[in-house]
>>> print(open('start.pdb').read())   # PDB, C-alpha atoms
ATOM      1  CA  MET A   1      10.032  94.404 193.047  1.00  0.00           C
ATOM      2  CA  LYS A   2      11.847  91.328 194.316  1.00  0.00           C
ATOM      3  CA  ALA A   3      14.505  91.713 196.977  1.00  0.00           C
ATOM      4  CA  MET A   4      18.090  91.299 195.851  1.00  0.00           C
ATOM      5  CA  ALA A   5      19.815  88.078 196.903  1.00  0.00           C
ATOM      6  CA  LYS A   6      21.598  88.429 200.205  1.00  0.00           C
ATOM      7  CA  MET A   7      23.526  86.424 202.733  1.00  0.00           C
ATOM      8  CA  VAL A   8      21.575  85.446 205.865  1.00  0.00           C
ATOM      9  CA  ASP A   9      22.781  87.216 209.010  1.00  0.00           C
ATOM     10  CA  VAL A  10      23.811  84.519 211.510  1.00  0.00           C
ATOM     11  CA  GLY A  11      25.546  86.968 213.858  1.00  0.00           C
ATOM     12  CA  LYS A  12      23.161  86.420 216.774  1.00  0.00           C
ATOM     13  CA  LYS A  13      23.001  82.631 216.492  1.00  0.00           C
ATOM     14  CA  PRO A  14      25.008  80.586 219.008  1.00  0.00           C
ATOM     15  CA  VAL A  15      28.110  78.640 218.000  1.00  0.00           C
ATOM     16  CA  VAL A  16      27.336  74.909 218.138  1.00  0.00           C
ATOM     17  CA  LYS A  17      28.934  71.689 216.906  1.00  0.00           C
ATOM     18  CA  ARG A  18      27.557  70.761 213.508  1.00  0.00           C
ATOM     19  CA  GLU A  19      28.013  67.792 211.211  1.00  0.00           C
ATOM     20  CA  ALA A  20      26.589  66.823 207.844  1.00  0.00           C
ATOM     21  CA  THR A  21      27.109  63.866 205.547  1.00  0.00           C
ATOM     22  CA  ALA A  22      26.166  63.839 201.873  1.00  0.00           C
ATOM     23  CA  ALA A  23      26.611  61.194 199.217  1.00  0.00           C
ATOM     24  CA  GLY A  24      26.125  60.585 195.534  1.00  0.00           C
ATOM     25  CA  ARG A  25      26.832  58.004 192.894  1.00  0.00           C
ATOM     26  CA  ILE A  26      28.401  57.933 189.456  1.00  0.00           C
ATOM     27  CA  ILE A  27      27.219  55.197 187.119  1.00  0.00           C
ATOM     28  CA  LEU A  28      30.019  53.824 184.924  1.00  0.00           C
ATOM     29  CA  LYS A  29      30.689  50.929 182.600  1.00  0.00           C
ATOM     30  CA  LYS A  30      31.706  47.771 184.437  1.00  0.00           C
ATOM     31  CA  SER A  31      34.959  47.812 182.470  1.00  0.00           C
ATOM     32  CA  THR A  32      35.711  51.329 183.756  1.00  0.00           C
ATOM     33  CA  CYS A  33      35.123  50.237 187.343  1.00  0.00           C
ATOM     34  CA  LYS A  34      37.461  47.307 186.769  1.00  0.00           C
ATOM     35  CA  ALA A  35      40.142  49.673 185.407  1.00  0.00           C
ATOM     36  CA  ILE A  36      39.778  51.854 188.503  1.00  0.00           C
ATOM     37  CA  ARG A  37      40.051  48.812 190.759  1.00  0.00           C
ATOM     38  CA  THR A  38      43.163  47.474 188.988  1.00  0.00           C
ATOM     39  CA  GLY A  39      44.917  50.846 188.759  1.00  0.00           C
ATOM     40  CA  GLU A  40      44.823  51.115 184.961  1.00  0.00           C
ATOM     41  CA  ILE A  41      43.558  54.712 184.671  1.00  0.00           C
ATOM     42  CA  LYS A  42      45.872  56.990 182.659  1.00  0.00           C
ATOM     43  CA  LYS A  43      45.557  59.920 185.086  1.00  0.00           C
ATOM     44  CA  GLY A  44      46.407  57.754 188.111  1.00  0.00           C
ATOM     45  CA  ASP A  45      44.726  56.752 191.350  1.00  0.00           C
ATOM     46  CA  VAL A  46      41.075  57.721 190.944  1.00  0.00           C
ATOM     47  CA  VAL A  47      40.112  57.022 194.550  1.00  0.00           C
ATOM     48  CA  SER A  48      42.882  59.082 196.183  1.00  0.00           C
ATOM     49  CA  ALA A  49      42.562  61.967 193.740  1.00  0.00           C
ATOM     50  CA  SER A  50      38.781  62.067 194.118  1.00  0.00           C
ATOM     51  CA  LYS A  51      39.000  62.080 197.912  1.00  0.00           C
ATOM     52  CA  LEU A  52      41.377  65.044 197.749  1.00  0.00           C
ATOM     53  CA  ALA A  53      39.169  66.856 195.223  1.00  0.00           C
ATOM     54  CA  GLY A  54      36.147  66.409 197.502  1.00  0.00           C
ATOM     55  CA  ILE A  55      38.016  67.671 200.557  1.00  0.00           C
ATOM     56  CA  GLN A  56      39.340  70.694 198.691  1.00  0.00           C
ATOM     57  CA  ALA A  57      35.892  71.486 197.293  1.00  0.00           C
ATOM     58  CA  ALA A  58      34.161  71.292 200.670  1.00  0.00           C
ATOM     59  CA  LYS A  59      36.698  73.766 202.051  1.00  0.00           C
ATOM     60  CA  ALA A  60      36.031  76.131 199.127  1.00  0.00           C
ATOM     61  CA  THR A  61      32.221  75.993 199.173  1.00  0.00           C
ATOM     62  CA  PHE A  62      31.886  79.654 200.168  1.00  0.00           C
ATOM     63  CA  SER A  63      33.828  80.670 197.043  1.00  0.00           C
ATOM     64  CA  ILE A  64      31.612  78.583 194.749  1.00  0.00           C
ATOM     65  CA  LEU A  65      28.175  79.391 196.194  1.00  0.00           C
ATOM     66  CA  PRO A  66      27.904  83.156 196.645  1.00  0.00           C
ATOM     67  CA  LEU A  67      25.490  83.193 199.602  1.00  0.00           C
ATOM     68  CA  CYS A  68      27.222  80.529 201.715  1.00  0.00           C
ATOM     69  CA  HIS A  69      29.142  81.630 204.779  1.00  0.00           C
ATOM     70  CA  GLN A  70      32.866  81.031 205.090  1.00  0.00           C
ATOM     71  CA  ILE A  71      32.755  78.370 207.789  1.00  0.00           C
ATOM     72  CA  PRO A  72      35.873  77.374 209.753  1.00  0.00           C
ATOM     73  CA  LEU A  73      35.698  73.622 209.164  1.00  0.00           C
ATOM     74  CA  THR A  74      37.226  71.325 211.753  1.00  0.00           C
ATOM     75  CA  PHE A  75      36.989  68.145 209.644  1.00  0.00           C
ATOM     76  CA  VAL A  76      36.303  67.032 206.098  1.00  0.00           C
ATOM     77  CA  GLY A  77      36.418  63.367 205.143  1.00  0.00           C
ATOM     78  CA  VAL A  78      35.544  61.695 201.859  1.00  0.00           C
ATOM     79  CA  GLU A  79      34.955  57.969 201.518  1.00  0.00           C
ATOM     80  CA  ILE A  80      34.791  56.220 198.153  1.00  0.00           C
ATOM     81  CA  ARG A  81      33.113  52.867 197.571  1.00  0.00           C
ATOM     82  CA  LEU A  82      33.600  51.117 194.253  1.00  0.00           C
ATOM     83  CA  TYR A  83      31.018  48.670 192.907  1.00  0.00           C
ATOM     84  CA  ASP A  84      30.786  46.689 189.650  1.00  0.00           C
ATOM     85  CA  GLY A  85      28.992  49.439 187.717  1.00  0.00           C
ATOM     86  CA  SER A  86      29.214  52.479 189.925  1.00  0.00           C
ATOM     87  CA  LEU A  87      31.184  54.407 192.484  1.00  0.00           C
ATOM     88  CA  GLU A  88      29.770  56.147 195.542  1.00  0.00           C
ATOM     89  CA  ALA A  89      31.326  59.182 197.206  1.00  0.00           C
ATOM     90  CA  GLU A  90      30.348  60.146 200.743  1.00  0.00           C
ATOM     91  CA  CYS A  91      31.523  63.389 202.343  1.00  0.00           C
ATOM     92  CA  THR A  92      31.309  64.215 206.055  1.00  0.00           C
ATOM     93  CA  VAL A  93      31.972  67.740 207.292  1.00  0.00           C
ATOM     94  CA  ARG A  94      32.235  69.084 210.845  1.00  0.00           C
ATOM     95  CA  ALA A  95      32.457  72.583 212.279  1.00  0.00           C
ATOM     96  CA  GLU A  96      31.718  74.604 215.372  1.00  0.00           C
ATOM     97  CA  TYR A  97      29.825  77.522 213.948  1.00  0.00           C
ATOM     98  CA  LYS A  98      26.543  79.415 213.688  1.00  0.00           C
ATOM     99  CA  THR A  99      25.178  77.747 210.565  1.00  0.00           C
ATOM    100  CA  GLY A 100      25.049  74.259 209.099  1.00  0.00           C
ATOM    101  CA  VAL A 101      27.573  72.462 206.925  1.00  0.00           C
ATOM    102  CA  GLU A 102      25.299  70.499 204.597  1.00  0.00           C
ATOM    103  CA  MET A 103      26.251  72.607 201.582  1.00  0.00           C
ATOM    104  CA  GLU A 104      29.933  71.832 202.197  1.00  0.00           C
ATOM    105  CA  ALA A 105      29.109  68.116 202.403  1.00  0.00           C
ATOM    106  CA  LEU A 106      27.062  68.259 199.184  1.00  0.00           C
ATOM    107  CA  VAL A 107      29.792  70.153 197.321  1.00  0.00           C
ATOM    108  CA  GLY A 108      32.461  67.735 198.599  1.00  0.00           C
ATOM    109  CA  ALA A 109      30.550  64.635 197.502  1.00  0.00           C
ATOM    110  CA  THR A 110      29.617  66.127 194.130  1.00  0.00           C
ATOM    111  CA  VAL A 111      33.118  67.316 193.256  1.00  0.00           C
ATOM    112  CA  ALA A 112      34.573  63.938 194.241  1.00  0.00           C
ATOM    113  CA  LEU A 113      32.206  62.395 191.664  1.00  0.00           C
ATOM    114  CA  LEU A 114      33.079  65.028 189.054  1.00  0.00           C
ATOM    115  CA  ASN A 115      36.740  64.237 189.576  1.00  0.00           C
ATOM    116  CA  VAL A 116      36.030  60.556 188.928  1.00  0.00           C
ATOM    117  CA  TRP A 117      34.289  61.529 185.688  1.00  0.00           C
ATOM    118  CA  ASP A 118      37.240  63.684 184.635  1.00  0.00           C
ATOM    119  CA  MET A 119      39.725  60.894 185.254  1.00  0.00           C
ATOM    120  CA  VAL A 120      37.787  58.149 183.430  1.00  0.00           C
ATOM    121  CA  LYS A 121      35.936  60.040 180.694  1.00  0.00           C
ATOM    122  CA  TYR A 122      38.167  58.642 177.952  1.00  0.00           C
ATOM    123  CA  LEU A 123      36.904  55.145 178.848  1.00  0.00           C
ATOM    124  CA  GLU A 124      33.258  56.215 178.972  1.00  0.00           C
ATOM    125  CA  LYS A 125      32.974  57.971 175.586  1.00  0.00           C
ATOM    126  CA  ASP A 126      31.331  56.206 172.685  1.00  0.00           C
ATOM    127  CA  SER A 127      32.392  56.529 169.017  1.00  0.00           C
ATOM    128  CA  LYS A 128      30.519  59.862 168.752  1.00  0.00           C
ATOM    129  CA  GLY A 129      32.193  61.326 171.860  1.00  0.00           C
ATOM    130  CA  GLN A 130      29.065  60.960 173.985  1.00  0.00           C
ATOM    131  CA  TYR A 131      28.600  59.359 177.413  1.00  0.00           C
ATOM    132  CA  PRO A 132      25.774  56.816 177.101  1.00  0.00           C
ATOM    133  CA  THR A 133      26.449  55.161 180.469  1.00  0.00           C
ATOM    134  CA  ALA A 134      28.104  57.754 182.699  1.00  0.00           C
ATOM    135  CA  ARG A 135      25.835  59.814 184.905  1.00  0.00           C
ATOM    136  CA  ILE A 136      25.929  61.298 188.369  1.00  0.00           C
ATOM    137  CA  ASP A 137      22.807  60.745 190.414  1.00  0.00           C
ATOM    138  CA  ASN A 138      21.255  60.429 193.828  1.00  0.00           C
ATOM    139  CA  VAL A 139      23.269  63.272 195.381  1.00  0.00           C
ATOM    140  CA  ARG A 140      21.647  63.891 198.751  1.00  0.00           C
ATOM    141  CA  VAL A 141      22.156  64.810 202.396  1.00  0.00           C
ATOM    142  CA  LEU A 142      22.246  61.594 204.404  1.00  0.00           C
ATOM    143  CA  ARG A 143      22.252  63.257 207.813  1.00  0.00           C
ATOM    144  CA  LYS A 144      22.690  66.587 209.521  1.00  0.00           C
ATOM    145  CA  THR A 145      23.214  67.145 213.246  1.00  0.00           C
ATOM    146  CA  LYS A 146      23.913  69.939 215.671  1.00  0.00           C
ATOM    147  CA  ASP A 147      24.783  69.787 219.351  1.00  0.00           C
ATOM    148  CA  GLY A 148      23.835  72.765 221.431  1.00  0.00           C
TER     149      GLY A 148
END
>>> encode(input="start.pdb", output="structure tokens")
Amino acid sequence: MKAMAKMVDVGKKPVVKREATAAGRIILKKSTCKAIRTGEIKKGDVVSASKLAGIQAAKATFSILPLCHQIPLTFVGVEIRLYDGSLEAECTVRAEYKTGVEMEALVGATVALLNVWDMVKYLEKDSKGQYPTARIDNVRVLRKTKDG
């Protein structure tokens, strides 16, 4: 019989400074990227809203992923870079704790990209309501460090 899923006990691990950065990309039509750049999106400022969504998501990671610890984060930052046919979100998370913060960085970057999709989906749909261009890809941990 397989063991039931459980949270890892980090109680005896030392508290150390930890940082992780994750990033991902959303592929969009060039015309959608132009509309983001020129502020023509019906729901408003895609970049600001997506940064906030990523920050909020990183802080809530423990409530989304059932086996993640509730980590007292000391910093969450989301950067957005807009290109001609894509947008990249990068999330950096810091904490002084007993376990790493890469899951928080991954969730932050991914939710920032999902927020972009939500705000621009009306521009990405084709005549059948499908999304032939839009896709989120290359979500990954760029770096992870710990001091101590």
>>> atom_distance(input="start.pdb", atom1="CA of Phe62 in chain A", atom2="CA of Glu104 in chain A")
8.3 Å
>>> closest_residue(input="start.pdb", among="A:Lys59, A:Val47, A:Thr32, A:Pro66", to="Met7 in chain A", atoms="all atoms listed in the file")
A:Pro66
>>> closest_residue(input="start.pdb", among="A:Lys121, A:Asn115, A:Gly129, A:Gln70", to="Val10 in chain A", atoms="all atoms listed in the file")
A:Gln70
>>> residues_near_point(input="start.pdb", point="(33.3, 66.1, 203.2)", cutoff="6 Å", atoms="all atoms listed in the file", output="CSV table (one decimal) with C-alpha atoms, keeping the file's coordinate frame")
chain,number,residue,atom,x,y,z
A,55,ILE,CA,38.0,67.7,200.6
A,58,ALA,CA,34.2,71.3,200.7
A,76,VAL,CA,36.3,67.0,206.1
A,77,GLY,CA,36.4,63.4,205.1
A,78,VAL,CA,35.5,61.7,201.9
A,91,CYS,CA,31.5,63.4,202.3
A,92,THR,CA,31.3,64.2,206.1
A,93,VAL,CA,32.0,67.7,207.3
A,105,ALA,CA,29.1,68.1,202.4
A,108,GLY,CA,32.5,67.7,198.6
>>> closest_residue(input="start.pdb", among="A:Thr110, A:Thr99, A:Ser127, A:Thr133", to="Asp147 in chain A", atoms="only C-alpha atoms")
A:Thr99
>>> closest_residue(input="start.pdb", among="A:Val8, A:Val116, A:Lys2, A:Leu67", to="Arg135 in chain A", atoms="all atoms listed in the file")
A:Val116
>>> closest_residue(input="start.pdb", among="A:Val107, A:Ala134, A:Leu113, A:Val139", to="Gln56 in chain A", atoms="only C-alpha atoms")
A:Val107
>>> closest_residue(input="start.pdb", among="A:Val111, A:Ala95, A:Ala57, A:Leu123", to="Lys30 in chain A", atoms="only C-alpha atoms")
A:Leu123
>>> residues_near_point(input="start.pdb", point="(22.0, 74.8, 218.5)", cutoff="6 Å", atoms="all atoms listed in the file", output="PyMOL selection string")
chain A and resi 16+146-148
>>> atom_distance(input="start.pdb", atom1="CA of Ala23 in chain A", atom2="CA of Glu90 in chain A")
4.2 Å
>>> atom_distance(input="start.pdb", atom1="CA of Ser86 in chain A", atom2="CA of Ile27 in chain A")
4.4 Å
>>> resolve_selection(input="start.pdb", expression="the PyMOL selection byres ((chain A and resi 136) around 6)", output="JSON, numbers by chain")
{"A": [25, 26, 135, 137]}
>>> residues_around(input="start.pdb", residues="Ala20 in chain A", least_positions_apart="3", cutoff="8 Å", atoms="all atoms listed in the file", output="PyMOL selection string")
chain A and resi 92-94+100-102+105+141-145
